[in-house]
$ cat entry_31.csv   # CSV, C-alpha atoms
chain,number,residue,atom,x,y,z
A,195,MET,CA,122.6,88.7,83.1
A,196,ALA,CA,123.9,92.1,84.1
A,197,GLY,CA,121.9,95.0,82.7
A,198,PHE,CA,119.0,93.0,81.4
A,199,PHE,CA,115.5,94.1,82.2
A,200,ARG,CA,112.1,93.9,80.6
A,201,GLU,CA,110.3,97.0,79.5
A,202,VAL,CA,107.1,97.8,81.2
A,203,ALA,CA,104.1,96.9,79.1
A,204,ARG,CA,102.1,100.2,78.5
A,205,ARG,CA,98.4,100.4,78.3
A,206,VAL,CA,97.2,102.4,75.3
A,207,PHE,CA,93.9,102.5,73.4
A,208,SER,CA,94.0,101.4,69.8
A,209,GLN,CA,93.0,104.9,68.5
A,210,GLU,CA,96.0,106.4,70.1
A,211,LEU,CA,98.4,103.7,68.9
A,212,LYS,CA,97.0,104.1,65.4
A,213,ASP,CA,97.7,107.9,65.6
A,214,SER,CA,101.3,107.3,66.6
A,215,ASN,CA,104.0,107.7,64.0
A,216,LEU,CA,107.2,108.7,66.0
A,217,ALA,CA,109.5,105.7,66.4
A,218,SER,CA,113.0,106.0,67.9
A,219,ARG,CA,115.8,104.1,69.6
A,220,ASP,CA,117.6,105.3,72.7
A,221,GLU,CA,120.9,104.2,71.3
A,222,ASN,CA,122.4,103.8,67.8
A,223,ASP,CA,122.7,100.1,68.4
A,224,GLN,CA,120.5,98.1,66.0
A,225,TYR,CA,119.6,95.8,68.9
A,226,ALA,CA,118.5,98.6,71.1
A,227,PRO,CA,114.8,98.6,71.8
A,228,GLN,CA,112.5,100.5,69.5
A,229,TYR,CA,110.0,102.8,71.0
A,230,VAL,CA,106.8,104.4,69.7
A,231,LEU,CA,105.9,107.7,71.3
A,232,THR,CA,102.2,108.3,71.4
A,233,PRO,CA,100.4,111.6,71.1
A,234,THR,CA,99.8,111.6,74.9
A,235,GLY,CA,103.4,110.9,75.7
A,236,ALA,CA,103.4,107.1,76.3
A,237,LYS,CA,106.9,105.7,75.3
A,238,VAL,CA,105.9,102.2,74.2
A,239,ASN,CA,108.2,99.3,73.5
A,240,ARG,CA,105.9,96.7,75.0
A,241,ILE,CA,102.1,96.9,75.2
A,242,PHE,CA,99.4,95.3,77.2
A,243,LEU,CA,96.0,95.3,75.7
A,244,VAL,CA,92.7,93.5,76.3
A,245,GLY,CA,89.9,93.4,73.7
A,246,THR,CA,87.8,91.2,71.5
A,247,LEU,CA,89.6,89.1,68.8
A,248,ILE,CA,87.2,89.7,65.9
A,249,GLU,CA,89.2,88.5,62.9
A,250,LYS,CA,92.1,86.1,62.3
A,251,GLU,CA,93.7,84.9,59.1
A,252,ASP,CA,96.7,82.8,58.1
A,253,ILE,CA,98.5,85.1,55.7
A,254,GLY,CA,101.7,83.0,55.4
A,255,THR,CA,102.9,81.5,52.2
A,256,ASP,CA,105.5,78.9,53.1
A,257,SER,CA,104.5,78.6,56.8
A,258,GLU,CA,101.7,79.7,59.1
A,259,TYR,CA,101.8,83.5,59.7
A,260,TRP,CA,98.7,84.8,61.5
A,261,ARG,CA,97.2,88.2,61.5
A,262,GLY,CA,94.6,89.0,64.1
A,263,ARG,CA,92.4,92.1,64.6
A,264,ILE,CA,91.6,92.9,68.2
A,265,SER,CA,88.9,95.5,68.9
A,266,ASP,CA,88.7,97.8,71.9
A,267,PRO,CA,86.1,100.6,72.4
A,268,THR,CA,88.2,103.1,70.3
A,269,GLY,CA,89.2,101.0,67.3
A,270,SER,CA,91.3,97.9,66.6
A,271,PHE,CA,94.9,96.6,66.9
A,272,LEU,CA,96.6,94.3,64.4
A,273,VAL,CA,98.7,91.5,65.8
A,274,TYR,CA,101.0,89.3,63.7
A,275,ALA,CA,102.4,85.9,64.9
A,276,GLY,CA,104.5,83.3,63.2
A,277,GLN,CA,107.2,80.8,63.9
A,278,TYR,CA,109.0,83.1,66.4
A,279,GLN,CA,105.8,83.5,68.4
A,280,PRO,CA,104.7,79.8,68.5
A,281,GLU,CA,102.3,80.1,71.5
A,282,ALA,CA,100.6,83.1,70.1
A,283,SER,CA,100.5,81.6,66.6
A,284,GLN,CA,98.9,78.4,68.0
A,285,PHE,CA,96.4,80.4,70.0
A,286,LEU,CA,95.3,82.2,66.9
A,287,ALA,CA,95.1,79.0,64.9
A,288,ASP,CA,93.0,77.2,67.5
A,289,CYS,CA,90.6,79.8,68.9
A,290,GLU,CA,87.0,80.4,68.0
A,291,LEU,CA,85.8,83.9,67.2
A,292,PRO,CA,84.8,86.2,68.8
A,293,VAL,CA,86.8,85.9,72.0
A,294,PHE,CA,88.1,88.3,74.7
A,295,VAL,CA,91.9,88.2,74.8
A,296,ALA,CA,94.7,89.7,76.7
A,297,VAL,CA,97.9,90.4,74.8
A,298,VAL,CA,101.4,91.4,75.8
A,299,GLY,CA,103.6,92.2,72.9
A,300,LYS,CA,106.1,94.4,71.2
A,301,THR,CA,105.1,97.3,69.0
A,302,SER,CA,106.6,97.6,65.6
A,303,THR,CA,106.3,100.2,62.9
A,304,TYR,CA,106.4,100.1,59.2
A,305,THR,CA,106.6,103.1,56.9
A,306,THR,CA,104.8,102.7,53.6
A,307,ASP,CA,106.0,104.1,50.2
A,308,ASP,CA,103.8,107.1,50.6
A,309,GLY,CA,105.2,107.9,54.1
A,310,ASN,CA,102.4,106.6,56.3
A,311,VAL,CA,103.5,104.9,59.5
A,312,LEU,CA,101.6,101.7,60.4
A,313,THR,CA,101.9,100.3,63.9
A,314,SER,CA,101.3,96.7,64.7
A,315,ILE,CA,102.0,94.3,67.6
A,316,ARG,CA,104.1,91.2,67.7
A,317,PRO,CA,102.5,89.2,70.6
A,318,GLU,CA,104.7,87.6,73.2
A,319,SER,CA,101.5,86.0,74.7
A,320,ILE,CA,97.8,85.9,74.0
A,321,GLN,CA,95.4,84.4,76.5
A,322,GLN,CA,91.6,84.1,76.6
A,323,VAL,CA,90.0,86.3,79.3
A,324,ASP,CA,86.6,87.2,80.4
A,325,GLU,CA,84.5,90.3,80.0
A,326,LEU,CA,85.3,91.6,83.5
A,327,THR,CA,89.0,91.5,82.7
A,328,ARG,CA,88.4,93.5,79.5
A,329,ASP,CA,86.3,96.1,81.4
A,330,LEU,CA,88.9,96.5,84.1
A,331,TRP,CA,91.6,97.0,81.3
A,332,VAL,CA,89.4,99.8,79.8
A,333,LEU,CA,89.1,101.5,83.2
A,334,ASP,CA,92.8,101.3,83.9
A,335,THR,CA,93.8,102.4,80.4
A,336,ALA,CA,91.4,105.3,80.7
A,337,LYS,CA,92.9,106.4,84.0
A,338,GLN,CA,96.5,106.1,82.6
A,339,THR,CA,95.5,108.0,79.4
A,340,LEU,CA,94.0,110.8,81.4
A,341,GLU,CA,97.2,111.1,83.5
A,342,ARG,CA,99.2,111.4,80.3
A,343,ILE,CA,96.8,114.0,78.9
A,344,ARG,CA,97.3,116.1,82.1
A,345,ALA,CA,101.1,115.7,81.7
A,346,VAL,CA,101.0,116.9,78.1
A,347,GLU,CA,98.9,119.9,79.1
A,348,ALA,CA,101.3,120.7,81.9
A,349,GLY,CA,104.5,119.9,79.8
A,350,GLU,CA,105.8,118.0,82.9
A,351,ASP,CA,108.3,115.6,81.3
A,352,PRO,CA,110.4,115.2,78.2
A,353,ASN,CA,108.1,112.6,76.6
A,354,SER,CA,105.0,114.7,77.0
A,355,LYS,CA,106.8,117.8,75.6
A,356,LEU,CA,108.1,115.9,72.6
A,357,ALA,CA,104.7,114.4,72.0
A,358,LYS,CA,103.1,117.8,72.1
A,359,GLU,CA,105.7,119.2,69.7
A,360,HIS,CA,105.6,116.3,67.2
A,361,TYR,CA,101.8,115.7,67.2
A,362,PHE,CA,100.5,119.1,68.2
A,363,THR,CA,98.4,117.0,70.5
A,364,ASP,CA,94.7,118.0,70.7
A,365,THR,CA,94.1,116.8,74.3
A,366,ASP,CA,90.3,117.4,73.9
A,367,SER,CA,90.1,114.7,71.2
A,368,TYR,CA,91.8,112.2,73.5
A,369,ARG,CA,89.5,113.1,76.4
A,370,VAL,CA,86.6,112.4,74.0
A,371,MET,CA,88.3,109.0,73.1
A,372,VAL,CA,88.5,108.2,76.8
A,373,LYS,CA,84.9,109.2,77.4
A,374,LYS,CA,83.8,107.0,74.5
A,375,ALA,CA,85.7,104.0,75.9
A,376,LEU,CA,84.2,104.5,79.4
A,377,GLU,CA,80.7,104.8,78.0
A,378,SER,CA,81.1,101.5,76.2
A,379,LEU,CA,81.1,99.7,79.6
A,380,LYS,CA,77.9,98.4,80.9
A,381,GLU,CA,76.8,101.0,83.4
A,382,SER,CA,74.8,98.4,85.4
A,383,GLU,CA,78.0,96.7,86.4
A,384,TYR,CA,79.7,99.7,87.9
$ encode --input "entry_31.csv" --output "structure tokens"
Amino acid sequence: MAGFFREVARRVFSQELKDSNLASRDENDQYAPQYVLTPTGAKVNRIFLVGTLIEKEDIGTDSEYWRGRISDPTGSFLVYAGQYQPEASQFLADCELPVFVAVVGKTSTYTTDDGNVLTSIRPESIQQVDELTRDLWVLDTAKQTLERIRAVEAGEDPNSKLAKEHYFTDTDSYRVMVKKALESLKESEY
């Protein structure tokens, strides 16, 4: 297929994704990818996260539709899987809690009646992983977040400028978030 490519799956902590409320499309086409711009300037269409699946519930009425809550050191992500995500849905149906998982998925936003923007993830895949994989994800996500924080402070690219203008990004609070995430790792292992 000419012109087809997959978006890079970005690494973002749950607190930052939860703070995100600026969604856009690059084109006016309804099928163009939707992006969520985070306060540190990550332009997210697909996300890669690793954390602990701590809750799951079949919230479907006519067919299975699963909601899962995945915790990282800064908060939690919500994932939703149904008939169009059969592998992810089956994983959620069959797994025992709690379990470390890696998820690649698409971000989606929903604006409530009172104007709040809720961000969730529609998983393309969910796999069980080990604690080391989770710890390495935390380290890598911390590094990438700090790089984005520096870009926001320097105003280096259009995404970081837009994030700073829209969110009035308090980079110190995101540095504290990164520190909290890193402190959650077992020091004896590193």
$ atom_distance --input "entry_31.csv" --atom1 "atom CA of Ala287 of chain A" --atom2 "atom CA of Ser302 of chain A"
21.9 Å
$ atom_distance --input "entry_31.csv" --atom1 "atom CA of Tyr259 of chain A" --atom2 "atom CA of Val332 of chain A"
28.7 Å
$ residues_near_point --input "entry_31.csv" --point "(94.7, 89.1, 78.1)" --cutoff "7 Å" --atoms "only C-alpha atoms" --output "list in words"
Leu243, Val244, Val295, Ala296, Val297, Ile320, Gln321, Gln322 and Val323 of chain A
$ closest_residue --input "entry_31.csv" --among "A:Val206, A:Leu211, A:Glu359, A:Tyr274" --to "Asp252 of chain A" --atoms "only C-alpha atoms"
A:Tyr274
$ closest_residue --input "entry_31.csv" --among "A:Ala203, A:Leu379, A:Ala226, A:Leu231" --to "Leu356 of chain A" --atoms "all atoms listed in the file"
A:Leu231
$ closest_residue --input "entry_31.csv" --among "A:Leu376, A:Thr365, A:Asp256, A:Gln228" --to "Thr335 of chain A" --atoms "all atoms listed in the file"
A:Leu376
$ atom_distance --input "entry_31.csv" --atom1 "atom CA of Ser283 of chain A" --atom2 "atom CA of Arg261 of chain A"
9.0 Å
$ residues_around --input "entry_31.csv" --residues "Gln338 of chain A" --least-positions-apart "4" --cutoff "10 Å" --atoms "only C-alpha atoms" --output "PyMOL selection string"
chain A and resi 204-206+236+332-334+342-343
$ write_last_selection --input "entry_31.csv" --atoms "C-alpha atoms" --output "compact mmCIF listing (two decimals), keeping the file's coordinate frame"
# COMPACT_ATOMS: atom_id res chain seq x y z
CA ARG A 204 102.10 100.20 78.50
CA ARG A 205 98.40 100.40 78.30
CA VAL A 206 97.20 102.40 75.30
CA ALA A 236 103.40 107.10 76.30
CA VAL A 332 89.40 99.80 79.80
CA LEU A 333 89.10 101.50 83.20
CA ASP A 334 92.80 101.30 83.90
CA ARG A 342 99.20 111.40 80.30
CA ILE A 343 96.80 114.00 78.90
$ closest_residue --input "entry_31.csv" --among "A:Glu341, A:Asp329, A:Glu377, A:Asp223" --to "Gly235 of chain A" --atoms "all atoms listed in the file"
A:Glu341
$ decode --input "entry_31.csv" --residues "segment 309-325 of chain A" --atoms "N, CA and C atoms" --output "mmCIF file, in the first residue's frame"
data_model
loop_
_atom_site.group_PDB
_atom_site.id
_atom_site.type_symbol
_atom_site.label_atom_id
_atom_site.label_comp_id
_atom_site.auth_asym_id
_atom_site.auth_seq_id
_atom_site.Cartn_x
_atom_site.Cartn_y
_atom_site.Cartn_z
ATOM 1 N N GLY A 309 -17.647 19.237 29.891
ATOM 2 C CA GLY A 309 -16.458 19.743 29.204
ATOM 3 C C GLY A 309 -15.150 19.071 29.571
ATOM 4 N N ASN A 310 -15.161 18.116 30.487
ATOM 5 C CA ASN A 310 -13.934 17.399 30.820
ATOM 6 C C ASN A 310 -13.583 16.444 29.685
ATOM 7 N N VAL A 311 -12.282 16.310 29.423
ATOM 8 C CA VAL A 311 -11.817 15.388 28.397
ATOM 9 C C VAL A 311 -11.221 14.172 29.092
ATOM 10 N N LEU A 312 -11.767 12.995 28.783
ATOM 11 C CA LEU A 312 -11.269 11.739 29.336
ATOM 12 C C LEU A 312 -10.494 11.016 28.241
ATOM 13 N N THR A 313 -9.339 10.509 28.587
ATOM 14 C CA THR A 313 -8.503 9.806 27.625
ATOM 15 C C THR A 313 -8.425 8.341 28.014
ATOM 16 N N SER A 314 -8.615 7.474 27.036
ATOM 17 C CA SER A 314 -8.517 6.042 27.278
ATOM 18 C C SER A 314 -7.717 5.411 26.145
ATOM 19 N N ILE A 315 -7.515 4.110 26.263
ATOM 20 C CA ILE A 315 -6.698 3.375 25.295
ATOM 21 C C ILE A 315 -7.483 2.185 24.775
ATOM 22 N N ARG A 316 -7.478 2.040 23.466
ATOM 23 C CA ARG A 316 -8.072 0.877 22.799
ATOM 24 C C ARG A 316 -6.897 -0.031 22.426
ATOM 25 N N PRO A 317 -6.693 -1.120 23.134
ATOM 26 C CA PRO A 317 -5.494 -1.937 22.928
ATOM 27 C C PRO A 317 -5.484 -2.681 21.597
ATOM 28 N N GLU A 318 -4.344 -2.619 20.919
ATOM 29 C CA GLU A 318 -4.115 -3.463 19.748
ATOM 30 C C GLU A 318 -3.581 -4.806 20.217
ATOM 31 N N SER A 319 -2.788 -4.768 21.297
ATOM 32 C CA SER A 319 -2.283 -6.017 21.881
ATOM 33 C C SER A 319 -2.025 -5.813 23.367
ATOM 34 N N ILE A 320 -2.224 -6.886 24.118
ATOM 35 C CA ILE A 320 -1.890 -6.938 25.544
ATOM 36 C C ILE A 320 -1.156 -8.253 25.753
ATOM 37 N N GLN A 321 -0.010 -8.165 26.415
ATOM 38 C CA GLN A 321 0.752 -9.382 26.709
ATOM 39 C C GLN A 321 1.236 -9.345 28.146
ATOM 40 N N GLN A 322 1.280 -10.499 28.760
ATOM 41 C CA GLN A 322 1.850 -10.600 30.098
ATOM 42 C C GLN A 322 3.358 -10.446 29.990
ATOM 43 N N VAL A 323 3.947 -9.678 30.923
ATOM 44 C CA VAL A 323 5.389 -9.475 30.964
ATOM 45 C C VAL A 323 5.863 -9.667 32.401
ATOM 46 N N ASP A 324 7.162 -9.538 32.605
ATOM 47 C CA ASP A 324 7.706 -9.693 33.948
ATOM 48 C C ASP A 324 8.027 -8.329 34.566
ATOM 49 N N GLU A 325 8.427 -8.366 35.826
ATOM 50 C CA GLU A 325 8.715 -7.131 36.558
ATOM 51 C C GLU A 325 9.880 -6.365 35.942
#
